[in-house]
Each structure stands twice: as C-alpha cells, then as structure tokens.
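S.K.: Input structure: query-v7.cif, which contains mmCIF, C-alpha atoms.
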```cif
data_target
loop_
_atom_site.label_atom_id
_atom_site.label_comp_id
_atom_site.auth_asym_id
_atom_site.auth_seq_id
_atom_site.Cartn_x
_atom_site.Cartn_y
_atom_site.Cartn_z
CA SER A 1 -10.61 -4.98 15.65
CA GLU A 2 -10.15 -4.67 11.90
CA GLU A 3 -6.53 -5.82 11.81
CA PRO A 4 -7.29 -9.55 11.25
CA GLU A 5 -9.49 -8.69 8.26
CA LEU A 6 -6.88 -6.31 6.86
CA ARG A 7 -4.13 -8.87 7.35
CA SER A 8 -6.17 -11.52 5.56
CA MET A 9 -7.07 -9.17 2.70
CA ILE A 10 -3.44 -8.15 2.20
CA HIS A 11 -2.30 -11.78 1.97
CA VAL A 12 -5.04 -12.57 -0.56
CA ILE A 13 -4.16 -9.67 -2.85
CA LEU A 14 -0.35 -9.85 -2.59
CA PRO A 15 0.07 -12.03 -5.70
CA HIS A 16 -2.15 -9.62 -7.67
CA ILE A 17 -0.85 -6.25 -6.44
CA PHE A 18 0.50 -5.09 -9.80
CA GLU A 19 -2.64 -6.03 -11.72
CA ILE A 20 -4.87 -4.40 -9.11
CA SER A 21 -2.74 -1.25 -9.01
CA THR A 22 -2.87 -0.81 -12.78
CA SER A 23 -6.59 -1.49 -13.11
CA VAL A 24 -9.03 1.39 -13.57
CA HIS A 25 -10.98 0.35 -10.46
CA GLY A 26 -8.20 -1.39 -8.58
CA THR A 27 -6.04 1.71 -8.42
CA ARG A 28 -8.56 3.45 -6.16
CA ALA A 29 -8.89 0.35 -4.01
CA MET A 30 -5.10 0.24 -3.56
CA GLN A 31 -5.00 3.94 -2.72
CA THR A 32 -7.65 3.43 -0.06
CA LEU A 33 -5.91 0.33 1.27
CA SER A 34 -2.63 2.22 1.68
CA GLU A 35 -4.42 4.96 3.63
CA VAL A 36 -6.14 2.42 5.88
CA ILE A 37 -3.13 0.24 6.63
CA SER A 38 -0.92 3.26 7.32
CA LYS A 39 -3.03 3.77 10.44
CA HIS A 40 -2.03 0.31 11.69
CA LEU A 41 1.76 0.47 11.43
CA ASP A 42 2.22 -1.10 14.84
CA THR A 43 0.12 -4.21 14.11
CA LEU A 44 0.52 -4.68 10.34
CA GLY A 45 4.29 -4.17 10.09
CA PRO A 46 5.04 -7.57 8.51
CA GLU A 47 2.26 -7.17 5.94
CA ILE A 48 3.41 -3.64 5.11
CA GLU A 49 6.94 -4.96 4.59
CA LEU A 50 5.62 -7.64 2.22
CA LEU A 51 3.67 -5.05 0.23
CA THR A 52 6.72 -2.81 0.08
CA GLU A 53 8.94 -5.66 -1.08
CA ILE A 54 6.56 -6.64 -3.87
CA LEU A 55 5.89 -3.09 -5.01
CA SER A 56 9.57 -2.07 -4.92
CA ASP A 57 10.26 -4.36 -7.88
CA LYS A 58 7.55 -2.59 -9.88
CA VAL A 59 7.91 1.01 -8.67
CA VAL A 60 9.30 2.37 -11.94
CA GLU A 61 6.69 0.58 -14.02
CA LEU A 62 3.89 1.69 -11.68
CA SER A 63 5.17 5.27 -11.60
CA THR A 64 4.91 5.57 -15.36
CA HIS A 65 1.54 3.82 -15.66
CA ALA A 66 -1.66 5.89 -16.05
CA HIS A 67 -3.30 4.23 -13.03
CA GLY A 68 -0.35 2.77 -11.14
CA ASN A 69 1.22 6.17 -10.53
CA HIS A 70 -1.75 7.08 -8.32
CA VAL A 71 -0.98 4.09 -6.11
CA ILE A 72 2.66 5.16 -5.75
CA GLN A 73 1.54 8.71 -4.89
CA ALA A 74 -0.90 7.41 -2.27
CA ILE A 75 1.81 5.25 -0.71
CA LEU A 76 4.19 8.19 -0.55
CA VAL A 77 1.55 10.31 1.17
CA SER A 78 0.36 7.55 3.51
CA PHE A 79 3.75 6.20 4.56
CA ARG A 80 6.03 9.02 5.47
CA SER A 81 9.74 8.59 6.07
CA SER A 82 9.21 8.89 9.80
CA GLU A 83 8.30 5.94 11.99
CA ARG A 84 5.47 8.10 13.35
CA PRO A 85 3.39 9.61 10.53
CA SER A 86 2.51 12.65 12.63
CA ASP A 87 6.21 13.61 12.80
CA PRO A 88 7.73 15.75 10.07
CA ASP A 89 9.58 13.85 7.36
CA ALA A 90 13.26 13.35 8.06
#
```
Can the structure from this file be put into structure tokens for me?

M.R.:
Amino acid sequence: SEEPELRSMIHVILPHIFEISTSVHGTRAMQTLSEVISKHLDTLGPEIELLTEILSDKVVELSTHAHGNHVIQAILVSFRSSERPSDPDA
C-alpha cells in the first residue's frame, strides 16, 4: 500500500508547502501530489485536512502567483465539493 509513504511525504513537506508550490519545479510536484492523494480520501483524510488548513492561509497569494495558481487549479480539479469525487459537484 502506498498510503504510509504518502502520509510520510505529506508530513515532511507540510512546513514547505508554499515554497514548493511557488517553485518552477515544485508546482508540478504539488499538482501531481494533489491528484494522487485525492484518490485516497478515505485513508489520508487527516493529512488532506492539514494540507487544506495550511494552504487556506495562502490561497489568495498562491492564486495570483505565476506557479502557485497551477497548484490551486489542480486542487480544485482533484478535490471536488462532493465527498465522492465521482459524484457531480453540489
């Protein structure tokens, strides 16, 4: 199972999320990470909440940044408003 590795990776990068998201190379890594963890909502809920909490303080700054806005877009696509991503948005 890849969840333990994902969980560990998330905890390592949490303090550096903003810097990674605004980096030329980090932005793509964050986009990919959001796609991957969105497939593990049932097991990575606490980590996803931590990511959301940290990013919510920086959402405006990330949205207007040349690289950070791609991370916000990826999150919006990966994490739909529904609890089940296959459902239509509410």

S.K.: Counting all atoms listed in the file, what is within 9 Å of segment 15-19 of chain A, bar same-chain residues fewer than 3 positions away, as a list in words?

M.R.: His11, Val12, Thr22, Ser23, Gly26, Met30, Leu51, Ile54, Leu55, Lys58, Leu62 and Gly68 of chain A

S.K.: By how many Å are atom CA of Leu41 of chain A and atom CA of Ile13 of chain A apart?

M.R.: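 Taking atom CA of Leu41 of chain A and atom CA of Ile13 of chain A, their separation equals 18.5 Å.
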
S.K.: With distances taken over all atoms listed in the file, which residue among A:Ser63, A:Ser56, A:Val77, A:Pro46 lies nearest Thr32 of chain A?

M.R.: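 Of A:Ser63, A:Ser56, A:Val77, A:Pro46, the one nearest Thr32 of chain A is A:Val77, counting all atoms listed in the file.
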
S.K.: Under the rule that all atoms listed in the file are counted, which of A:Val59, A:Glu53, A:Arg7, A:Ser38 is the nearest residue to Val71 of chain A?

M.R.: A:Val59

S.K.: Do you know which residues are at most 9 Å from Ile37 of chain A counting only C-alpha atoms, after dropping those on the same chain fewer than 3 positions away, and could you put them as a ChimeraX atom specification?

M.R.: /A:3,6,32-34,40-41,44,48,78

S.K.: Could you check the closest approach to Ser1 of chain A for each of A:Ala29, A:Thr43, A:Glu35, A:Leu76 and tell me which residue wins, using all atoms listed in the file?

M.R.: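 Using all atoms listed in the file, the shortest distance to Ser1 of chain A belongs to A:Thr43.
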
S.K.: Out of A:Ile72, A:Ile20, A:Lys39, A:Thr27, which residue has the shortest atom-to-atom distance to Glu2 of chain A when counting all atoms listed in the file?

M.R.: A:Lys39

S.K.: Could you please determine the separation between atom CA of Arg80 of chain A and atom CA of Val60 of chain A in Å, to one decimal place?

M.R.: 18.9 Å

S.K.: Could you work out how far atom CA of His25 of chain A lies from atom CA of Glu49 of chain A, giving the answer in Å with one decimal?

M.R.: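 These two atoms are separated by 24.0 Å.
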
S.K.: As JSON, please report the centre and edge lengths, rounded to one decimal in Å, of the axis-aligned box that holds all listed atoms of segment 18-35 of chain A with 3 Å of padding on each of the six sides.

M.R.:
```
{"center_x": -5.2, "center_y": -0.5, "center_z": -5.0, "size_x": 17.5, "size_y": 17.0, "size_z": 23.2}
```

S.K.: For Gln73 of chain A, which of A:Glu5, A:Asp42, A:Arg28, A:Leu14 is the closest residue, counting all atoms listed in the file?

M.R.: A:Arg28
